[in-house]
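Q: Pasting query-v6.cif below, which is mmCIF, C-alpha atoms and all ligand atoms.
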data_upload
loop_
_atom_site.label_atom_id
_atom_site.label_comp_id
_atom_site.auth_asym_id
_atom_site.auth_seq_id
_atom_site.Cartn_x
_atom_site.Cartn_y
_atom_site.Cartn_z
CA LEU V 261 -92.31 -55.08 -59.45
CA THR V 262 -90.14 -57.45 -57.44
CA MET V 263 -86.39 -57.35 -57.94
CA GLU V 264 -86.62 -60.66 -59.79
CA GLU V 265 -89.12 -59.22 -62.25
CA ASN V 266 -86.89 -56.19 -62.68
CA LEU V 267 -83.92 -58.45 -63.41
CA ARG V 268 -85.93 -60.37 -66.02
CA ARG V 269 -86.84 -57.10 -67.68
CA ALA V 270 -83.21 -55.97 -67.56
CA ILE V 271 -82.22 -59.13 -69.44
CA ASP V 272 -84.82 -58.46 -72.13
CA LYS V 273 -83.97 -54.78 -72.37
CA ASN V 274 -80.18 -54.99 -72.29
CA GLY V 275 -80.05 -53.35 -68.85
CA PHE V 276 -76.62 -54.69 -67.92
CA SER V 277 -73.19 -53.34 -68.68
CA LEU V 278 -69.60 -54.19 -67.85
CA ALA V 279 -66.99 -52.12 -66.04
CA TYR V 280 -63.34 -52.95 -66.69
CA GLN V 281 -60.85 -52.74 -63.83
CA PRO V 282 -57.17 -52.67 -64.91
CA GLN V 283 -54.59 -55.10 -63.52
CA ILE V 284 -50.95 -54.00 -63.43
CA ILE V 285 -47.79 -56.14 -63.42
CA LEU V 286 -45.93 -54.83 -60.38
CA GLU V 287 -42.38 -55.29 -61.64
CA SER V 288 -42.80 -53.55 -64.98
CA GLY V 289 -45.84 -51.33 -64.47
CA LYS V 290 -47.30 -52.88 -67.63
CA LEU V 291 -51.00 -53.49 -68.11
CA ARG V 292 -51.80 -57.20 -67.68
CA GLY V 293 -55.47 -56.98 -68.51
CA PHE V 294 -58.88 -56.12 -67.10
CA GLU V 295 -61.39 -57.75 -64.77
CA ALA V 296 -64.88 -57.42 -66.25
CA LEU V 297 -67.38 -56.42 -63.56
CA LEU V 298 -71.11 -56.66 -64.07
CA ARG V 299 -73.18 -53.49 -63.60
CA TRP V 300 -76.95 -53.14 -63.43
CA ASN V 301 -78.56 -49.76 -63.79
CA GLN V 302 -82.09 -50.32 -62.58
CA ASP V 303 -84.09 -47.77 -64.56
CA GLY V 304 -85.31 -44.96 -62.40
CA ARG V 305 -83.80 -46.31 -59.22
CA GLY V 306 -80.16 -46.10 -60.17
CA TYR V 307 -77.28 -48.45 -59.68
CA VAL V 308 -77.61 -51.71 -57.75
CA GLN V 309 -74.58 -53.41 -56.20
CA PRO V 310 -73.57 -56.80 -57.68
CA ASN V 311 -73.44 -58.25 -54.15
CA VAL V 312 -77.20 -57.60 -54.08
CA PHE V 313 -78.28 -58.78 -57.51
CA VAL V 314 -75.75 -61.52 -58.36
CA PRO V 315 -77.03 -63.80 -55.55
CA LEU V 316 -80.57 -63.25 -56.82
CA LEU V 317 -79.48 -64.07 -60.38
CA GLU V 318 -78.01 -67.29 -59.03
CA GLU V 319 -81.10 -68.27 -57.03
CA THR V 320 -83.32 -67.72 -60.04
CA ARG V 321 -80.84 -69.36 -62.44
CA LEU V 322 -80.91 -66.19 -64.52
CA ILE V 323 -77.14 -66.08 -64.00
CA ASP V 324 -76.82 -68.48 -66.93
CA ARG V 325 -78.15 -65.97 -69.40
CA VAL V 326 -76.50 -62.94 -67.84
CA GLY V 327 -73.20 -64.77 -67.45
CA LYS V 328 -73.24 -65.79 -71.12
CA TRP V 329 -74.04 -62.24 -72.11
CA ALA V 330 -71.16 -60.91 -69.98
CA LEU V 331 -68.66 -63.33 -71.54
CA ARG V 332 -69.73 -62.40 -75.06
CA GLU V 333 -69.73 -58.67 -74.35
CA GLY V 334 -66.32 -58.71 -72.65
CA LEU V 335 -64.68 -60.87 -75.31
CA ARG V 336 -66.13 -58.74 -78.07
CA GLN V 337 -64.50 -55.71 -76.43
CA CYS V 338 -61.28 -57.64 -76.03
CA ARG V 339 -61.35 -58.29 -79.76
CA ASP V 340 -62.06 -54.63 -80.49
CA TRP V 341 -59.16 -53.61 -78.24
CA ARG V 342 -56.68 -55.89 -79.92
CA GLU V 343 -55.30 -53.20 -82.16
CA GLU V 344 -54.68 -50.98 -79.14
CA PHE V 345 -53.47 -53.54 -76.60
CA GLY V 346 -52.22 -56.50 -78.63
CA ASP V 347 -53.17 -60.14 -78.18
CA GLU V 348 -51.65 -60.70 -74.77
CA LEU V 349 -54.25 -58.63 -72.94
CA VAL V 350 -56.14 -60.82 -70.45
CA MET V 351 -59.88 -60.40 -69.96
CA SER V 352 -60.99 -61.88 -66.67
CA PHE V 353 -64.57 -62.84 -65.80
CA ASN V 354 -66.25 -63.75 -62.54
CA VAL V 355 -67.96 -67.09 -62.91
CA SER V 356 -70.59 -68.11 -60.39
CA PRO V 357 -70.62 -71.63 -58.91
CA VAL V 358 -73.67 -72.45 -61.06
CA GLN V 359 -71.94 -71.30 -64.25
CA PHE V 360 -68.73 -73.12 -63.38
CA ALA V 361 -70.58 -76.40 -62.78
CA ARG V 362 -72.61 -76.22 -66.00
CA ALA V 363 -71.96 -78.96 -68.54
CA GLY V 364 -72.15 -76.54 -71.49
CA LEU V 365 -69.49 -74.12 -70.25
CA LEU V 366 -66.65 -75.51 -72.35
CA ASP V 367 -68.70 -75.50 -75.55
CA ASP V 368 -69.77 -71.92 -74.90
CA LEU V 369 -66.16 -70.84 -74.40
CA ARG V 370 -64.94 -72.65 -77.54
CA ARG V 371 -67.61 -70.95 -79.59
CA LEU V 372 -66.80 -67.50 -78.18
CA LEU V 373 -63.07 -67.90 -78.75
CA ASP V 374 -63.81 -68.98 -82.29
CA ASP V 375 -66.32 -66.19 -82.97
CA TYR V 376 -63.88 -63.50 -81.83
CA GLN V 377 -60.67 -65.27 -82.93
CA LEU V 378 -58.98 -64.81 -79.57
CA ASP V 379 -56.04 -66.66 -78.10
CA PRO V 380 -57.56 -68.82 -75.30
CA ALA V 381 -54.88 -67.47 -72.93
CA GLN V 382 -56.57 -64.07 -73.21
CA LEU V 383 -59.61 -65.48 -71.43
CA GLU V 384 -59.48 -65.98 -67.67
CA LEU V 385 -62.24 -67.31 -65.43
CA GLU V 386 -62.37 -66.30 -61.75
CA VAL V 387 -63.94 -68.93 -59.54
CA THR V 388 -64.26 -68.93 -55.77
CA GLU V 389 -62.86 -71.57 -53.47
CA GLY V 390 -66.44 -72.50 -52.59
CA ALA V 391 -67.26 -73.25 -56.23
CA LEU V 392 -64.16 -75.45 -56.54
CA MET V 393 -64.80 -77.35 -53.32
CA GLN V 394 -68.47 -78.17 -54.03
CA ASP V 395 -67.65 -81.25 -56.04
CA LEU V 396 -63.95 -82.03 -56.07
CA GLU V 397 -63.95 -84.65 -58.80
CA GLN V 398 -66.05 -82.52 -61.14
CA SER V 399 -63.91 -79.46 -60.43
CA CYS V 400 -60.70 -81.35 -61.18
CA GLU V 401 -62.15 -82.55 -64.47
CA LYS V 402 -63.49 -79.10 -65.40
CA LEU V 403 -60.12 -77.51 -64.64
CA ARG V 404 -58.38 -80.15 -66.75
CA GLN V 405 -60.68 -79.37 -69.66
CA LEU V 406 -60.12 -75.64 -69.28
CA ARG V 407 -56.36 -76.19 -69.17
CA ARG V 408 -56.57 -78.31 -72.33
CA LEU V 409 -58.52 -75.53 -74.02
CA GLY V 410 -55.84 -73.05 -72.92
CA VAL V 411 -58.16 -70.82 -70.88
CA ARG V 412 -56.72 -69.38 -67.64
CA VAL V 413 -58.33 -69.98 -64.24
CA ALA V 414 -57.95 -67.77 -61.16
CA VAL V 415 -59.17 -68.46 -57.63
CA ASP V 416 -61.07 -65.35 -56.50
CA ASP V 417 -61.18 -64.05 -52.91
CA PHE V 418 -58.42 -66.48 -52.03
CA GLY V 419 -57.97 -66.98 -48.30
CA THR V 420 -61.59 -66.39 -47.32
CA GLY V 421 -63.14 -69.75 -48.25
CA TYR V 422 -62.39 -73.28 -47.28
CA SER V 423 -59.19 -73.60 -49.21
CA SER V 424 -57.87 -77.06 -48.83
CA LEU V 425 -54.17 -77.07 -49.50
CA ALA V 426 -54.43 -80.77 -50.23
CA TYR V 427 -56.72 -80.13 -53.20
CA LEU V 428 -54.90 -77.05 -54.37
CA ARG V 429 -52.08 -79.42 -55.32
CA HIS V 430 -54.36 -81.34 -57.69
CA PHE V 431 -56.24 -78.43 -59.24
CA GLU V 432 -54.85 -77.10 -62.49
CA LEU V 433 -54.90 -73.40 -61.76
CA ASP V 434 -53.05 -70.34 -63.00
CA THR V 435 -53.67 -67.55 -60.54
CA LEU V 436 -54.54 -66.77 -56.91
CA LYS V 437 -56.33 -63.50 -56.18
CA ILE V 438 -55.73 -62.35 -52.60
CA ASP V 439 -58.94 -61.04 -51.08
CA ARG V 440 -58.94 -57.30 -50.59
CA LEU V 441 -59.72 -57.50 -46.87
CA PHE V 442 -56.23 -58.90 -46.25
CA ILE V 443 -54.68 -56.13 -48.37
CA ALA V 444 -56.71 -53.46 -46.55
CA ASN V 445 -55.37 -54.57 -43.16
CA MET V 446 -51.89 -55.85 -43.92
CA LEU V 447 -49.92 -52.68 -43.07
CA ASP V 448 -51.59 -52.41 -39.65
CA SER V 449 -52.01 -56.04 -38.76
CA PRO V 450 -49.02 -58.40 -38.58
CA ARG V 451 -51.41 -61.33 -38.88
CA ASP V 452 -52.88 -60.03 -42.13
CA ALA V 453 -49.38 -59.30 -43.39
CA ALA V 454 -48.42 -62.89 -42.55
CA VAL V 455 -51.43 -64.22 -44.46
CA VAL V 456 -50.57 -62.12 -47.52
CA SER V 457 -46.90 -63.06 -47.58
CA THR V 458 -47.83 -66.72 -47.04
CA ILE V 459 -50.19 -66.66 -50.02
CA ILE V 460 -47.46 -65.03 -52.14
CA ASP V 461 -45.00 -67.78 -51.10
CA LEU V 462 -47.61 -70.45 -51.72
CA GLY V 463 -48.12 -69.05 -55.21
CA ARG V 464 -44.41 -69.06 -55.90
CA ASN V 465 -44.00 -72.64 -54.64
CA LEU V 466 -46.94 -73.93 -56.65
CA GLU V 467 -45.95 -71.83 -59.68
CA LEU V 468 -49.13 -69.79 -59.59
CA GLU V 469 -49.38 -66.11 -60.41
CA VAL V 470 -50.58 -63.99 -57.46
CA ILE V 471 -52.78 -60.91 -57.83
CA ALA V 472 -53.43 -58.54 -54.92
CA GLU V 473 -56.93 -57.09 -54.99
CA GLY V 474 -58.10 -53.81 -53.50
CA VAL V 475 -54.72 -52.04 -53.57
CA GLU V 476 -55.44 -48.44 -52.58
CA THR V 477 -52.11 -46.90 -51.49
CA LEU V 478 -48.50 -46.62 -52.67
CA ALA V 479 -47.39 -48.05 -49.33
CA GLN V 480 -49.40 -51.21 -50.01
CA ARG V 481 -47.98 -51.42 -53.54
CA ASP V 482 -44.40 -51.06 -52.29
CA TRP V 483 -44.94 -53.73 -49.63
CA LEU V 484 -46.34 -56.10 -52.26
CA ILE V 485 -43.37 -55.52 -54.59
CA GLU V 486 -40.97 -56.14 -51.70
CA HIS V 487 -42.73 -59.41 -50.91
CA GLY V 488 -42.72 -60.68 -54.49
CA CYS V 489 -46.36 -60.29 -55.50
CA GLN V 490 -46.72 -60.21 -59.31
CA VAL V 491 -49.88 -58.22 -60.08
CA MET V 492 -52.04 -55.57 -58.43
CA GLN V 493 -55.58 -54.38 -58.93
CA GLY V 494 -57.43 -51.68 -57.01
CA PHE V 495 -58.40 -48.06 -56.67
CA LEU V 496 -54.72 -46.99 -56.61
CA VAL V 497 -54.67 -47.90 -60.30
CA ALA V 498 -58.33 -47.33 -61.23
CA PRO V 499 -61.87 -48.39 -60.36
CA GLY V 500 -63.97 -50.26 -62.91
CA LEU V 501 -63.87 -48.20 -66.13
CA SER V 502 -66.23 -47.73 -69.02
CA PHE V 503 -65.36 -49.20 -72.41
CA SER V 504 -63.88 -45.94 -73.72
CA GLN V 505 -62.03 -45.12 -70.49
CA ALA V 506 -60.49 -48.58 -70.55
CA LEU V 507 -59.50 -48.19 -74.19
CA ALA V 508 -57.68 -44.94 -73.29
CA PHE V 509 -55.92 -46.54 -70.31
CA PRO V 510 -52.09 -46.37 -70.56
CA HIS V 511 -50.19 -49.55 -71.47
CA GLU V 512 -47.76 -48.83 -68.69
CA VAL V 513 -48.03 -46.90 -65.41
CA ASP V 514 -45.39 -45.54 -62.98
O1 LIG V 601 -67.56 -54.52 -58.86
P1 LIG V 601 -68.05 -54.93 -57.50
O2 LIG V 601 -67.18 -54.74 -56.32
O3 LIG V 601 -69.32 -54.24 -57.20
O4 LIG V 601 -68.36 -56.53 -57.61
C1 LIG V 601 -68.71 -57.23 -56.48
C2 LIG V 601 -68.71 -58.69 -56.75
O5 LIG V 601 -69.75 -59.06 -57.65
C3 LIG V 601 -67.45 -59.20 -57.40
O6 LIG V 601 -66.43 -59.42 -56.49
C4 LIG V 601 -67.92 -60.49 -58.03
O7 LIG V 601 -67.77 -61.56 -57.11
C5 LIG V 601 -69.37 -60.23 -58.34
N1 LIG V 601 -69.46 -60.04 -59.78
C6 LIG V 601 -69.15 -58.97 -60.52
N2 LIG V 601 -69.36 -59.19 -61.83
C7 LIG V 601 -69.82 -60.47 -61.92
C8 LIG V 601 -70.21 -61.31 -63.01
O8 LIG V 601 -70.16 -60.96 -64.20
N3 LIG V 601 -70.64 -62.57 -62.69
C9 LIG V 601 -70.68 -63.02 -61.41
N4 LIG V 601 -71.12 -64.25 -61.19
N5 LIG V 601 -70.33 -62.25 -60.36
C10 LIG V 601 -69.87 -61.00 -60.61
O1 LIG V 602 -64.57 -60.23 -57.94
P1 LIG V 602 -64.67 -59.39 -56.71
O2 LIG V 602 -65.81 -59.68 -55.83
O3 LIG V 602 -63.42 -59.41 -55.90
O4 LIG V 602 -64.78 -57.89 -57.30
C1 LIG V 602 -63.98 -56.88 -56.90
C2 LIG V 602 -64.81 -55.84 -56.24
O5 LIG V 602 -64.00 -55.03 -55.42
C3 LIG V 602 -65.47 -54.93 -57.25
O6 LIG V 602 -66.81 -54.77 -56.92
C4 LIG V 602 -64.77 -53.60 -57.12
O7 LIG V 602 -65.65 -52.51 -57.30
C5 LIG V 602 -64.22 -53.66 -55.72
N1 LIG V 602 -62.94 -53.00 -55.63
C6 LIG V 602 -62.00 -52.99 -56.60
N2 LIG V 602 -60.89 -52.31 -56.20
C7 LIG V 602 -61.14 -51.90 -54.95
C8 LIG V 602 -60.38 -51.16 -54.00
O8 LIG V 602 -59.23 -50.77 -54.23
N3 LIG V 602 -60.96 -50.92 -52.81
C9 LIG V 602 -62.22 -51.35 -52.50
N4 LIG V 602 -62.70 -51.06 -51.30
N5 LIG V 602 -62.97 -52.06 -53.36
C10 LIG V 602 -62.44 -52.33 -54.58
MN MN V 603 -63.30 -61.12 -59.04
NA NA V 604 -62.33 -60.84 -55.32
#
Spell out the structure here as structure tokens.

A:
Amino acid sequence: LTMEENLRRAIDKNGFSLAYQPQIILESGKLRGFEALLRWNQDGRGYVQPNVFVPLLEETRLIDRVGKWALREGLRQCRDWREEFGDELVMSFNVSPVQFARAGLLDDLRRLLDDYQLDPAQLELEVTEGALMQDLEQSCEKLRQLRRLGVRVAVDDFGTGYSSLAYLRHFELDTLKIDRLFIANMLDSPRDAAVVSTIIDLGRNLELEVIAEGVETLAQRDWLIEHGCQVMQGFLVAPGLSFSQALAFPHEVD
């Protein structure tokens, strides 16, 4: 079978799952929420990386169905976790450019929030700079609608795309996620450090929350605290966790 045929079968047979990677507020050590990460266990052949199958899902437009499934699954868990974590826990989802541009996105989100009785602020969409810059007018309108609904929006992999500072002013955004390549190099490379601290300052000046991705060491964490970054995510805290591992995750870390 081709990979596309295997993906179609996985959709029919419930072959996808989500991993939940914790995000920690740097100042307090408190759990902010989780990023939901799509996993595909191709039967027999083991685990396939999202960087391999997500582009194929997009090409074949299967991302629509899988993306909808992921939102429903993650929000259902969020609902189930409410007794443990309270109703301020944020569940963050990666949204592909195709999904972001779809006309039905807002209706889907309204229905999900209603089905699971969640506060819209518990739902966050991660979009890339590329997705935002494809059609500026449409993006502005979509972001306005999301803001009106009360759903949060984060820019994923910030700093790697064609970010136009001019448009950033007009977009109604909540969060910038600093790409993990900058974090990986910042303690060795003054240029990477400059990029990271500039993004943190940009976030502060535009009143956006800033999340550092791919934090792996205490030295990186301490540098980020010193430079005023608000949230961290990465292997230092935890990799993507299963449902039950995530449920058992502490509400506060050292
Ligand atoms: O967890 P991992 O590092 O393997 O994820 C790699 C990338 O795959 C993520 O950075 C993200 O861009 C993409 N990805 C993960 N889950 C999803 C998803 O549910 N939808 C989309 N569109 N992309 C995802
Ligand atoms: O949405 P995005 O493409 O940024 O997804 C994050 C990806 O980065 C996930 O696939 C996850 O497995 C990976 N990741 C998360 N934390 C770390 C980390 O600390 N180090 C590295 N190398 N990868 C990470
Ligand atoms: Mn992401
Ligand atoms: Na990212």

Q: Calculate how many Å separate CA of Leu468 (chain V) from CA of Asp434 (chain V), rounding to one decimal.

A: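 That distance, rounded to one decimal, is 5.2 Å.
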
Q: What's around Tyr280 (chain V) at 12 Å? Count all atoms listed in the file, leave out sequence neighbours fewer than 3 positions away in its own chain, and write the answer as a PDB file with C-alpha atoms, in the coordinates of the input.

A:
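After the write, around_10.pdb holds the following:
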ATOM      1  CA  SER V 277     -73.190 -53.340 -68.680  1.00  0.00           C
ATOM      2  CA  GLN V 283     -54.590 -55.100 -63.520  1.00  0.00           C
ATOM      3  CA  GLY V 293     -55.470 -56.980 -68.510  1.00  0.00           C
ATOM      4  CA  PHE V 294     -58.880 -56.120 -67.100  1.00  0.00           C
ATOM      5  CA  GLU V 295     -61.390 -57.750 -64.770  1.00  0.00           C
ATOM      6  CA  ALA V 296     -64.880 -57.420 -66.250  1.00  0.00           C
ATOM      7  CA  LEU V 297     -67.380 -56.420 -63.560  1.00  0.00           C
ATOM      8  CA  LEU V 298     -71.110 -56.660 -64.070  1.00  0.00           C
ATOM      9  CA  ARG V 299     -73.180 -53.490 -63.600  1.00  0.00           C
ATOM     10  CA  ALA V 330     -71.160 -60.910 -69.980  1.00  0.00           C
ATOM     11  CA  GLU V 333     -69.730 -58.670 -74.350  1.00  0.00           C
ATOM     12  CA  GLY V 334     -66.320 -58.710 -72.650  1.00  0.00           C
ATOM     13  CA  LEU V 335     -64.680 -60.870 -75.310  1.00  0.00           C
ATOM     14  CA  GLN V 337     -64.500 -55.710 -76.430  1.00  0.00           C
ATOM     15  CA  CYS V 338     -61.280 -57.640 -76.030  1.00  0.00           C
ATOM     16  CA  VAL V 350     -56.140 -60.820 -70.450  1.00  0.00           C
ATOM     17  CA  MET V 351     -59.880 -60.400 -69.960  1.00  0.00           C
ATOM     18  CA  SER V 352     -60.990 -61.880 -66.670  1.00  0.00           C
ATOM     19  CA  PHE V 353     -64.570 -62.840 -65.800  1.00  0.00           C
ATOM     20  CA  ASN V 354     -66.250 -63.750 -62.540  1.00  0.00           C
ATOM     21  CA  GLN V 493     -55.580 -54.380 -58.930  1.00  0.00           C
ATOM     22  CA  GLY V 494     -57.430 -51.680 -57.010  1.00  0.00           C
ATOM     23  CA  VAL V 497     -54.670 -47.900 -60.300  1.00  0.00           C
ATOM     24  CA  ALA V 498     -58.330 -47.330 -61.230  1.00  0.00           C
ATOM     25  CA  PRO V 499     -61.870 -48.390 -60.360  1.00  0.00           C
ATOM     26  CA  GLY V 500     -63.970 -50.260 -62.910  1.00  0.00           C
ATOM     27  CA  LEU V 501     -63.870 -48.200 -66.130  1.00  0.00           C
ATOM     28  CA  SER V 502     -66.230 -47.730 -69.020  1.00  0.00           C
ATOM     29  CA  PHE V 503     -65.360 -49.200 -72.410  1.00  0.00           C
ATOM     30  CA  SER V 504     -63.880 -45.940 -73.720  1.00  0.00           C
ATOM     31  CA  GLN V 505     -62.030 -45.120 -70.490  1.00  0.00           C
ATOM     32  CA  ALA V 506     -60.490 -48.580 -70.550  1.00  0.00           C
ATOM     33  CA  LEU V 507     -59.500 -48.190 -74.190  1.00  0.00           C
ATOM     34  CA  ALA V 508     -57.680 -44.940 -73.290  1.00  0.00           C
ATOM     35  CA  PHE V 509     -55.920 -46.540 -70.310  1.00  0.00           C
TER      36      PHE V 509
END

Q: Near region 368-380 of chain V, counting all atoms listed in the file, which residues have an atom at most 9 Å away, once you skip same-chain residues fewer than 3 positions from it, shown as number ranges by chain?

A: V: 328, 331-332, 335-336, 338-339, 347-348, 364-365, 383-384, 409-412

Q: Between V:Arg481, V:Arg268, V:Arg440, V:His487, which has the minimum distance to ligand LIG 602 (chain V) (counting all atoms listed in the file)?

A: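 Result for the nearest residue to ligand LIG 602 (chain V): V:Arg440.
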
Q: If the limit is 6 Å from any atom of ligand LIG 602 (chain V), counting all atoms listed in the file, which residues qualify? Return them as a PyMOL selection string.

A: chain V and resi 417+474-476+494-495+499

Q: Work out how far apart CA of Ser288 (chain V) and CA of Glu467 (chain V) are and give it in Å to one decimal.

A: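 Pair CA of Ser288 (chain V) / CA of Glu467 (chain V) returns 19.3 Å.
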
Q: Counting only C-alpha atoms, which of V:Trp483, V:Phe345, V:Trp329, V:Tyr307 gets nearest to Pro510 (chain V)?

A: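 Once distances to Pro510 (chain V) are computed over only C-alpha atoms, the minimum belongs to V:Phe345.
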
Q: So, counting all atoms listed in the file, which residue among V:Met393, V:Leu478, V:Ile485, V:Leu385 is closest to Glu287 (chain V)?

A: V:Ile485
